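Chemist: Dropping in run-v2.cif, with mmCIF, C-alpha atoms.
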```
data_upload
loop_
_atom_site.label_atom_id
_atom_site.label_comp_id
_atom_site.auth_asym_id
_atom_site.auth_seq_id
_atom_site.Cartn_x
_atom_site.Cartn_y
_atom_site.Cartn_z
CA MET Y 1 10.83 35.10 13.05
CA LYS Y 2 10.21 33.57 9.66
CA LYS Y 3 6.96 31.89 8.63
CA ILE Y 4 7.14 28.25 7.53
CA GLU Y 5 6.41 29.30 3.93
CA ASP Y 6 9.65 31.29 3.97
CA TYR Y 7 11.61 28.02 4.21
CA VAL Y 8 9.96 26.42 1.17
CA ARG Y 9 11.98 26.74 -2.01
CA SER Y 10 9.69 27.05 -5.03
CA ILE Y 11 11.16 25.79 -8.28
CA PRO Y 12 9.28 26.88 -11.42
CA ASP Y 13 8.69 24.57 -14.38
CA PHE Y 14 9.70 21.35 -12.60
CA PRO Y 15 9.08 18.54 -13.35
CA GLU Y 16 7.34 20.12 -16.34
CA GLU Y 17 6.47 23.55 -17.64
CA GLY Y 18 3.74 25.31 -15.67
CA ILE Y 19 4.36 23.35 -12.44
CA ILE Y 20 5.88 24.99 -9.38
CA PHE Y 21 7.74 22.35 -7.37
CA ARG Y 22 7.54 22.91 -3.60
CA ASP Y 23 10.79 21.66 -2.08
CA VAL Y 24 10.50 19.95 1.32
CA PRO Y 25 14.29 19.45 1.76
CA SER Y 26 14.72 23.24 1.87
CA ILE Y 27 12.72 23.18 5.13
CA LEU Y 28 14.69 20.26 6.55
CA GLN Y 29 18.14 21.70 5.84
CA ASP Y 30 17.47 24.71 8.05
CA ALA Y 31 17.34 23.95 11.79
CA GLU Y 32 14.74 26.64 12.43
CA GLY Y 33 12.62 25.49 9.47
CA LEU Y 34 12.70 21.89 10.68
CA HIS Y 35 11.83 22.90 14.23
CA LEU Y 36 8.99 25.14 13.07
CA SER Y 37 7.55 22.46 10.75
CA ILE Y 38 7.43 19.89 13.57
CA ASP Y 39 5.87 22.43 15.96
CA LEU Y 40 3.20 23.41 13.44
CA ILE Y 41 2.27 19.82 12.61
CA GLN Y 42 2.13 19.01 16.31
CA ALA Y 43 -0.10 22.05 16.93
CA GLU Y 44 -2.69 20.45 14.62
CA LEU Y 45 -2.97 17.63 17.19
CA LYS Y 46 -3.40 19.79 20.28
CA ASP Y 47 -6.20 18.45 22.50
CA LEU Y 48 -6.92 15.55 20.11
CA ASP Y 49 -7.52 12.15 21.70
CA PHE Y 50 -5.48 9.55 19.79
CA ASP Y 51 -3.35 6.48 20.42
CA VAL Y 52 -0.80 6.16 17.63
CA ILE Y 53 0.83 8.06 14.76
CA VAL Y 54 1.25 6.46 11.33
CA GLY Y 55 3.60 7.88 8.71
CA THR Y 56 4.14 6.89 5.10
CA GLU Y 57 7.56 6.24 3.60
CA SER Y 58 9.66 8.25 3.63
CA ARG Y 59 8.83 11.83 4.49
CA GLY Y 60 5.97 10.81 6.73
CA PHE Y 61 8.71 9.26 8.86
CA ILE Y 62 10.68 12.51 8.95
CA PHE Y 63 7.74 14.49 10.31
CA GLY Y 64 5.83 11.76 12.14
CA VAL Y 65 8.59 10.38 14.37
CA PRO Y 66 9.50 13.65 16.12
CA VAL Y 67 5.82 14.42 16.72
CA ALA Y 68 5.28 10.90 18.11
CA TYR Y 69 8.35 11.33 20.32
CA ASN Y 70 7.25 14.75 21.60
CA MET Y 71 3.73 13.53 22.33
CA ASN Y 72 4.84 10.19 23.81
CA LYS Y 73 2.94 8.15 21.22
CA PRO Y 74 4.03 5.09 19.25
CA PHE Y 75 4.97 5.51 15.58
CA ILE Y 76 3.94 2.98 12.93
CA PRO Y 77 5.66 3.05 9.53
CA VAL Y 78 3.85 2.37 6.27
CA ARG Y 79 6.46 1.13 3.81
CA LYS Y 80 6.88 0.25 0.18
CA LYS Y 81 6.23 -3.40 -0.64
CA GLY Y 82 8.89 -5.86 0.50
CA LYS Y 83 10.55 -3.64 3.13
CA LEU Y 84 8.94 -5.01 6.32
CA PRO Y 85 10.18 -8.27 7.87
CA CYS Y 86 7.07 -9.59 9.64
CA GLU Y 87 3.63 -10.58 8.41
CA THR Y 88 2.10 -7.64 6.54
CA ILE Y 89 -1.07 -6.44 4.93
CA SER Y 90 -0.82 -4.50 1.68
CA ARG Y 91 -2.76 -2.14 -0.53
CA GLU Y 92 -2.16 -1.29 -4.16
CA TYR Y 93 -2.95 2.22 -5.38
CA GLU Y 94 -2.69 4.16 -8.61
CA LEU Y 95 0.09 6.52 -9.52
CA GLU Y 96 0.11 8.95 -12.42
CA TYR Y 97 1.78 6.25 -14.56
CA GLY Y 98 1.13 2.79 -13.09
CA THR Y 99 0.58 1.45 -9.61
CA ALA Y 100 2.44 1.04 -6.33
CA THR Y 101 1.93 -1.08 -3.23
CA ILE Y 102 2.39 -0.14 0.40
CA GLU Y 103 2.42 -2.38 3.45
CA MET Y 104 2.29 -2.32 7.21
CA HIS Y 105 2.81 -5.01 9.81
CA ARG Y 106 -0.36 -6.96 10.49
CA ASP Y 107 0.08 -6.46 14.26
CA SER Y 108 0.88 -2.74 14.16
CA ILE Y 109 -2.65 -1.40 14.79
CA ARG Y 110 -5.06 -2.90 17.30
CA PRO Y 111 -8.83 -2.77 16.74
CA GLY Y 112 -10.31 0.40 18.17
CA GLN Y 113 -7.08 2.39 18.24
CA LYS Y 114 -7.43 6.05 17.28
CA VAL Y 115 -4.87 6.88 14.62
CA VAL Y 116 -3.31 10.07 13.27
CA VAL Y 117 -1.63 9.94 9.85
CA ILE Y 118 1.21 12.39 9.15
CA ASP Y 119 2.85 13.05 5.80
CA ASP Y 120 4.80 15.82 4.14
CA LEU Y 121 2.53 16.63 1.21
CA ILE Y 122 -0.89 15.93 -0.19
CA ALA Y 123 -1.10 16.05 -3.96
CA THR Y 124 -3.62 13.54 -5.39
CA GLY Y 125 -4.03 11.78 -2.03
CA GLY Y 126 -3.53 8.22 -3.32
CA THR Y 127 -0.76 7.13 -0.96
CA VAL Y 128 -2.47 8.34 2.19
CA GLU Y 129 -5.83 6.98 1.04
CA ALA Y 130 -4.20 3.55 0.67
CA ALA Y 131 -2.60 3.91 4.14
CA ILE Y 132 -5.98 4.81 5.64
CA HIS Y 133 -7.49 1.66 4.13
CA LEU Y 134 -4.71 -0.44 5.70
CA ILE Y 135 -5.37 1.15 9.10
CA GLU Y 136 -9.10 0.52 8.79
CA ASP Y 137 -8.51 -3.06 7.59
CA LEU Y 138 -6.74 -3.63 10.92
CA GLY Y 139 -9.62 -2.09 12.87
CA GLY Y 140 -8.09 1.32 13.54
CA GLU Y 141 -10.01 4.58 13.36
CA VAL Y 142 -8.33 7.48 11.57
CA VAL Y 143 -9.16 10.56 13.64
CA ARG Y 144 -7.00 13.09 11.77
CA VAL Y 145 -4.65 13.36 8.81
CA VAL Y 146 -2.01 16.12 8.90
CA PHE Y 147 0.17 17.29 6.03
CA LEU Y 148 2.89 19.90 6.08
CA MET Y 149 1.93 21.05 2.57
CA GLU Y 150 -1.12 20.76 0.35
CA LEU Y 151 -1.26 21.27 -3.40
CA ALA Y 152 -4.95 22.15 -3.56
CA GLY Y 153 -5.05 22.20 -7.35
CA LEU Y 154 -4.54 18.43 -7.45
CA LYS Y 155 -7.69 17.89 -5.35
CA GLY Y 156 -6.27 15.24 -3.03
CA ARG Y 157 -8.42 16.53 -0.19
CA GLU Y 158 -11.52 15.45 -2.16
CA ARG Y 159 -10.28 11.84 -2.04
CA LEU Y 160 -10.05 12.12 1.73
CA ALA Y 161 -13.37 13.96 2.18
CA ASP Y 162 -14.56 11.51 4.85
CA TYR Y 163 -11.63 12.37 7.13
CA ASP Y 164 -10.47 15.31 9.23
CA VAL Y 165 -7.66 16.61 7.00
CA ARG Y 166 -5.38 19.46 8.02
CA SER Y 167 -2.50 21.10 6.21
CA VAL Y 168 -0.01 23.58 7.63
CA ILE Y 169 0.62 25.25 4.24
CA CYS Y 170 -1.85 25.26 1.35
CA TYR Y 171 -0.82 26.20 -2.19
CA GLU Y 172 -3.70 26.79 -4.58
CA GLY Y 173 -1.92 25.43 -7.67
CA LYS Y 174 -0.43 22.10 -8.65
#
```
Please, can you express the file's structure as structure tokens?

Modeler:
Amino acid sequence: MKKIEDYVRSIPDFPEEGIIFRDVPSILQDAEGLHLSIDLIQAELKDLDFDVIVGTESRGFIFGVPVAYNMNKPFIPVRKKGKLPCETISREYELEYGTATIEMHRDSIRPGQKVVVIDDLIATGGTVEAAIHLIEDLGGEVVRVVFLMELAGLKGRERLADYDVRSVICYEGK
């Protein structure tokens, strides 16, 4: 049986020289890789008491929904600005070049709910940090954050130092 790392295609010098791009679609396009990735993320939640799973657009949806389904938990999407139809709350965060805004429905998290956040990759941590602030603004408590991959060289985990952060695969570089 292959390890999950065996399904990750590594592309050197993309998007710029010296960077090794870690390709999530190469995991998804293989049935065994997809199955293994969901199982490994879900294993990070074994015996954890929580109420709801939150995933960020769009790959947090890919990994979060099957885990929510398997564990019989609701799934709450965090979307890019302007994509949700009901009353929302929003948070702006910094990107490498500029800013972005994410939103979630105002009624999606109830005060006191224990929340798990799932996403595909942690790089600088800005998107998930903004999602955590939205959850907390609604009164939720983030009890764990799980990523399929971590690019440790970008130090995103430091931004999330106050939270229980797990990653299935950790690459030391950027």

Chemist: Give as a PDB file with C-alpha atoms, keeping the file's coordinate frame the residues that the PyMOL selection byres ((chain Y and resi 107) around 9) matches when applied to the coordinates above.

Modeler:
```
ATOM      1  CA  CYS Y  86       7.070  -9.590   9.640  1.00  0.00           C
ATOM      2  CA  GLU Y  87       3.630 -10.580   8.410  1.00  0.00           C
ATOM      3  CA  THR Y  88       2.100  -7.640   6.540  1.00  0.00           C
ATOM      4  CA  MET Y 104       2.290  -2.320   7.210  1.00  0.00           C
ATOM      5  CA  HIS Y 105       2.810  -5.010   9.810  1.00  0.00           C
ATOM      6  CA  ARG Y 106      -0.360  -6.960  10.490  1.00  0.00           C
ATOM      7  CA  SER Y 108       0.880  -2.740  14.160  1.00  0.00           C
ATOM      8  CA  ILE Y 109      -2.650  -1.400  14.790  1.00  0.00           C
ATOM      9  CA  ARG Y 110      -5.060  -2.900  17.300  1.00  0.00           C
ATOM     10  CA  LEU Y 138      -6.740  -3.630  10.920  1.00  0.00           C
TER      11      LEU Y 138
END
```

Chemist: Tell me which of Y:Leu121, Y:Ala131, Y:Ala161, Y:Val115 sits closest to Y:Thr101, counting only C-alpha atoms.

Modeler: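 Once distances to Y:Thr101 are computed over only C-alpha atoms, the minimum belongs to Y:Ala131.
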
Chemist: Y:Arg144, Y:Val8, Y:Asp23, Y:Glu96: which is nearest Y:Lys46, counting only C-alpha atoms?

Modeler: Y:Arg144

Chemist: Taking the file as shown, what set of residues would the PyMOL selection byres ((chain Y and resi 152) around 12) give back, as a PyMOL selection string?

Modeler: chain Y and resi 121-125+147+149-151+153-159+166-167+169-174

Chemist: Neighbours of Y:Ile118 within 6 Å (all atoms listed in the file; same-chain residues fewer than 4 positions away dropped), as a list in words?

Modeler: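 Counting only the stated atoms, we get Gly55, Gly60, Gly64, Val145, Val146 and Phe147 of chain Y.
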
Chemist: So, with all atoms listed in the file as the atoms that count, which of Y:Val128, Y:Leu95, Y:Ile62, Y:Ile89 lies closest to Y:Ile41?

Modeler: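 Looking at the shortest contact to Y:Ile41, the residue is Y:Ile62.
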
Chemist: Check what the PyMOL selection byres ((chain Y and resi 93) around 10) selects in the file above and give those residues as a list in words.

Modeler: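 Listing what the PyMOL selection byres ((chain Y and resi 93) around 10) selects in the shown file: Ser90, Arg91, Glu92, Glu94, Leu95, Gly98, Thr99, Ala100, Thr101, Ile102, Gly126, Thr127, Val128, Glu129, Ala130 and Ala131 of chain Y.
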
Chemist: May I ask which of the residues Y:Asp51, Y:Glu103, Y:Glu57, Y:Glu136 is the closest one to Y:Val116, counting only C-alpha atoms?

Modeler: Y:Asp51

Chemist: Give me the box for stretch 19-27 of chain Y as JSON, namely the centre and edge lengths in Å to one decimal of a box along x, y and z that holds every listed atom plus 4 Å on each side.

Modeler:
```
{"center_x": 9.5, "center_y": 22.2, "center_z": -3.7, "size_x": 18.4, "size_y": 13.5, "size_z": 25.6}
```

Chemist: Restricting the calculation to only C-alpha atoms: of Y:Phe21, Y:Leu160, Y:Ala31, Y:Val142, which residue gets closest to Y:Phe50?

Modeler: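 Checking each candidate against Y:Phe50, we get Y:Val142 as the closest.
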
Chemist: Please tell me which residues are no farther than 12 Å from (6.8, 24.1, 11.5) in the file, counting all atoms listed in the file, and write them as a ChimeraX atom specification.

Modeler: /Y:1-8,24,27-28,30-44,63,66-67,120,147-149,167-169

Chemist: In Å to one decimal, how far is atom CA of Y:Gly82 from atom CA of Y:Lys114?

Modeler: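 These two atoms are separated by 26.3 Å.
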
Chemist: What does the distance between atom CA of Y:Ile11 and atom CA of Y:Pro25 come to in Å, to one decimal place?

Modeler: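 Distance reported for this atom pair: 12.3 Å.
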
Chemist: Just to confirm, what's the straight-line distance from atom CA of Y:Tyr163 to atom CA of Y:Val54 in Å (one decimal)?

Modeler: 14.8 Å

Chemist: Could you rebuild stretch 163-174 of chain Y with all heavy atoms and give it back as a PDB file, in the frame of the given file?

Modeler:
```
ATOM      1  N   TYR Y 163     -12.570  12.301   6.016  1.00  0.00           N
ATOM      2  CA  TYR Y 163     -11.630  12.370   7.130  1.00  0.00           C
ATOM      3  C   TYR Y 163     -11.345  13.818   7.509  1.00  0.00           C
ATOM      4  O   TYR Y 163     -11.516  14.735   6.704  1.00  0.00           O
ATOM      5  CB  TYR Y 163     -10.328  11.640   6.771  1.00  0.00           C
ATOM      6  CG  TYR Y 163     -10.599  10.210   6.412  1.00  0.00           C
ATOM      7  CD1 TYR Y 163     -10.795   9.832   5.087  1.00  0.00           C
ATOM      8  CD2 TYR Y 163     -10.723   9.236   7.399  1.00  0.00           C
ATOM      9  CE1 TYR Y 163     -11.095   8.513   4.753  1.00  0.00           C
ATOM     10  CE2 TYR Y 163     -11.020   7.924   7.077  1.00  0.00           C
ATOM     11  CZ  TYR Y 163     -11.210   7.574   5.755  1.00  0.00           C
ATOM     12  OH  TYR Y 163     -11.510   6.284   5.433  1.00  0.00           O
ATOM     13  N   ASP Y 164     -10.878  14.004   8.732  1.00  0.00           N
ATOM     14  CA  ASP Y 164     -10.470  15.310   9.230  1.00  0.00           C
ATOM     15  C   ASP Y 164      -9.053  15.568   8.721  1.00  0.00           C
ATOM     16  O   ASP Y 164      -8.084  15.038   9.273  1.00  0.00           O
ATOM     17  CB  ASP Y 164     -10.533  15.307  10.761  1.00  0.00           C
ATOM     18  CG  ASP Y 164     -10.128  16.631  11.381  1.00  0.00           C
ATOM     19  OD1 ASP Y 164      -9.812  17.597  10.644  1.00  0.00           O
ATOM     20  OD2 ASP Y 164     -10.121  16.693  12.625  1.00  0.00           O
ATOM     21  N   VAL Y 165      -8.938  16.356   7.654  1.00  0.00           N
ATOM     22  CA  VAL Y 165      -7.660  16.610   7.000  1.00  0.00           C
ATOM     23  C   VAL Y 165      -7.211  18.031   7.309  1.00  0.00           C
ATOM     24  O   VAL Y 165      -7.982  18.981   7.152  1.00  0.00           O
ATOM     25  CB  VAL Y 165      -7.766  16.407   5.468  1.00  0.00           C
ATOM     26  CG1 VAL Y 165      -6.462  16.780   4.782  1.00  0.00           C
ATOM     27  CG2 VAL Y 165      -8.171  14.980   5.148  1.00  0.00           C
ATOM     28  N   ARG Y 166      -5.967  18.150   7.731  1.00  0.00           N
ATOM     29  CA  ARG Y 166      -5.380  19.460   8.020  1.00  0.00           C
ATOM     30  C   ARG Y 166      -4.084  19.601   7.237  1.00  0.00           C
ATOM     31  O   ARG Y 166      -3.363  18.620   7.041  1.00  0.00           O
ATOM     32  CB  ARG Y 166      -5.040  19.592   9.513  1.00  0.00           C
ATOM     33  CG  ARG Y 166      -6.144  19.199  10.474  1.00  0.00           C
ATOM     34  CD  ARG Y 166      -7.196  20.280  10.613  1.00  0.00           C
ATOM     35  NE  ARG Y 166      -8.297  19.871  11.463  1.00  0.00           N
ATOM     36  CZ  ARG Y 166      -8.428  20.210  12.735  1.00  0.00           C
ATOM     37  NH1 ARG Y 166      -7.500  20.926  13.331  1.00  0.00           N
ATOM     38  NH2 ARG Y 166      -9.490  19.817  13.408  1.00  0.00           N
ATOM     39  N   SER Y 167      -3.796  20.819   6.827  1.00  0.00           N
ATOM     40  CA  SER Y 167      -2.500  21.100   6.210  1.00  0.00           C
ATOM     41  C   SER Y 167      -1.960  22.391   6.800  1.00  0.00           C
ATOM     42  O   SER Y 167      -2.717  23.327   7.048  1.00  0.00           O
ATOM     43  CB  SER Y 167      -2.603  21.186   4.687  1.00  0.00           C
ATOM     44  OG  SER Y 167      -3.536  22.163   4.301  1.00  0.00           O
ATOM     45  N   VAL Y 168      -0.663  22.410   7.043  1.00  0.00           N
ATOM     46  CA  VAL Y 168      -0.010  23.580   7.630  1.00  0.00           C
ATOM     47  C   VAL Y 168       0.092  24.679   6.570  1.00  0.00           C
ATOM     48  O   VAL Y 168      -0.172  25.850   6.837  1.00  0.00           O
ATOM     49  CB  VAL Y 168       1.379  23.197   8.195  1.00  0.00           C
ATOM     50  CG1 VAL Y 168       2.141  24.420   8.644  1.00  0.00           C
ATOM     51  CG2 VAL Y 168       1.213  22.180   9.335  1.00  0.00           C
ATOM     52  N   ILE Y 169       0.489  24.315   5.355  1.00  0.00           N
ATOM     53  CA  ILE Y 169       0.620  25.250   4.240  1.00  0.00           C
ATOM     54  C   ILE Y 169      -0.280  24.748   3.119  1.00  0.00           C
ATOM     55  O   ILE Y 169      -0.277  23.550   2.814  1.00  0.00           O
ATOM     56  CB  ILE Y 169       2.053  25.293   3.691  1.00  0.00           C
ATOM     57  CG1 ILE Y 169       3.077  25.589   4.774  1.00  0.00           C
ATOM     58  CG2 ILE Y 169       2.170  26.301   2.548  1.00  0.00           C
ATOM     59  CD1 ILE Y 169       4.517  25.372   4.327  1.00  0.00           C
ATOM     60  N   CYS Y 170      -1.026  25.651   2.485  1.00  0.00           N
ATOM     61  CA  CYS Y 170      -1.850  25.260   1.350  1.00  0.00           C
ATOM     62  C   CYS Y 170      -1.513  26.145   0.159  1.00  0.00           C
ATOM     63  O   CYS Y 170      -1.607  27.373   0.241  1.00  0.00           O
ATOM     64  CB  CYS Y 170      -3.333  25.382   1.685  1.00  0.00           C
ATOM     65  SG  CYS Y 170      -4.406  24.801   0.340  1.00  0.00           S
ATOM     66  N   TYR Y 171      -1.075  25.499  -0.932  1.00  0.00           N
ATOM     67  CA  TYR Y 171      -0.820  26.200  -2.190  1.00  0.00           C
ATOM     68  C   TYR Y 171      -1.984  25.917  -3.119  1.00  0.00           C
ATOM     69  O   TYR Y 171      -2.385  24.760  -3.281  1.00  0.00           O
ATOM     70  CB  TYR Y 171       0.492  25.721  -2.821  1.00  0.00           C
ATOM     71  CG  TYR Y 171       1.705  26.070  -2.005  1.00  0.00           C
ATOM     72  CD1 TYR Y 171       2.370  25.109  -1.266  1.00  0.00           C
ATOM     73  CD2 TYR Y 171       2.205  27.368  -1.982  1.00  0.00           C
ATOM     74  CE1 TYR Y 171       3.495  25.417  -0.507  1.00  0.00           C
ATOM     75  CE2 TYR Y 171       3.326  27.697  -1.241  1.00  0.00           C
ATOM     76  CZ  TYR Y 171       3.963  26.716  -0.510  1.00  0.00           C
ATOM     77  OH  TYR Y 171       5.062  27.032   0.231  1.00  0.00           O
ATOM     78  N   GLU Y 172      -2.505  26.946  -3.734  1.00  0.00           N
ATOM     79  CA  GLU Y 172      -3.700  26.790  -4.580  1.00  0.00           C
ATOM     80  C   GLU Y 172      -3.411  26.014  -5.869  1.00  0.00           C
ATOM     81  O   GLU Y 172      -4.292  25.381  -6.402  1.00  0.00           O
ATOM     82  CB  GLU Y 172      -4.291  28.161  -4.915  1.00  0.00           C
ATOM     83  CG  GLU Y 172      -4.861  28.859  -3.689  1.00  0.00           C
ATOM     84  CD  GLU Y 172      -5.900  28.019  -2.947  1.00  0.00           C
ATOM     85  OE1 GLU Y 172      -6.774  27.407  -3.600  1.00  0.00           O
ATOM     86  OE2 GLU Y 172      -5.822  27.967  -1.704  1.00  0.00           O
ATOM     87  N   GLY Y 173      -2.219  26.070  -6.390  1.00  0.00           N
ATOM     88  CA  GLY Y 173      -1.920  25.430  -7.670  1.00  0.00           C
ATOM     89  C   GLY Y 173      -1.555  23.968  -7.553  1.00  0.00           C
ATOM     90  O   GLY Y 173      -1.898  23.301  -6.599  1.00  0.00           O
ATOM     91  N   LYS Y 174      -0.831  23.508  -8.581  1.00  0.00           N
ATOM     92  CA  LYS Y 174      -0.430  22.100  -8.650  1.00  0.00           C
ATOM     93  C   LYS Y 174       1.026  21.944  -8.248  1.00  0.00           C
ATOM     94  O   LYS Y 174       1.819  22.815  -8.344  1.00  0.00           O
ATOM     95  CB  LYS Y 174      -0.613  21.561 -10.063  1.00  0.00           C
ATOM     96  CG  LYS Y 174      -2.067  21.566 -10.477  1.00  0.00           C
ATOM     97  CD  LYS Y 174      -2.194  21.051 -11.879  1.00  0.00           C
ATOM     98  CE  LYS Y 174      -3.661  21.020 -12.299  1.00  0.00           C
ATOM     99  NZ  LYS Y 174      -3.851  20.560 -13.622  1.00  0.00           N
TER     100      LYS Y 174
END
```
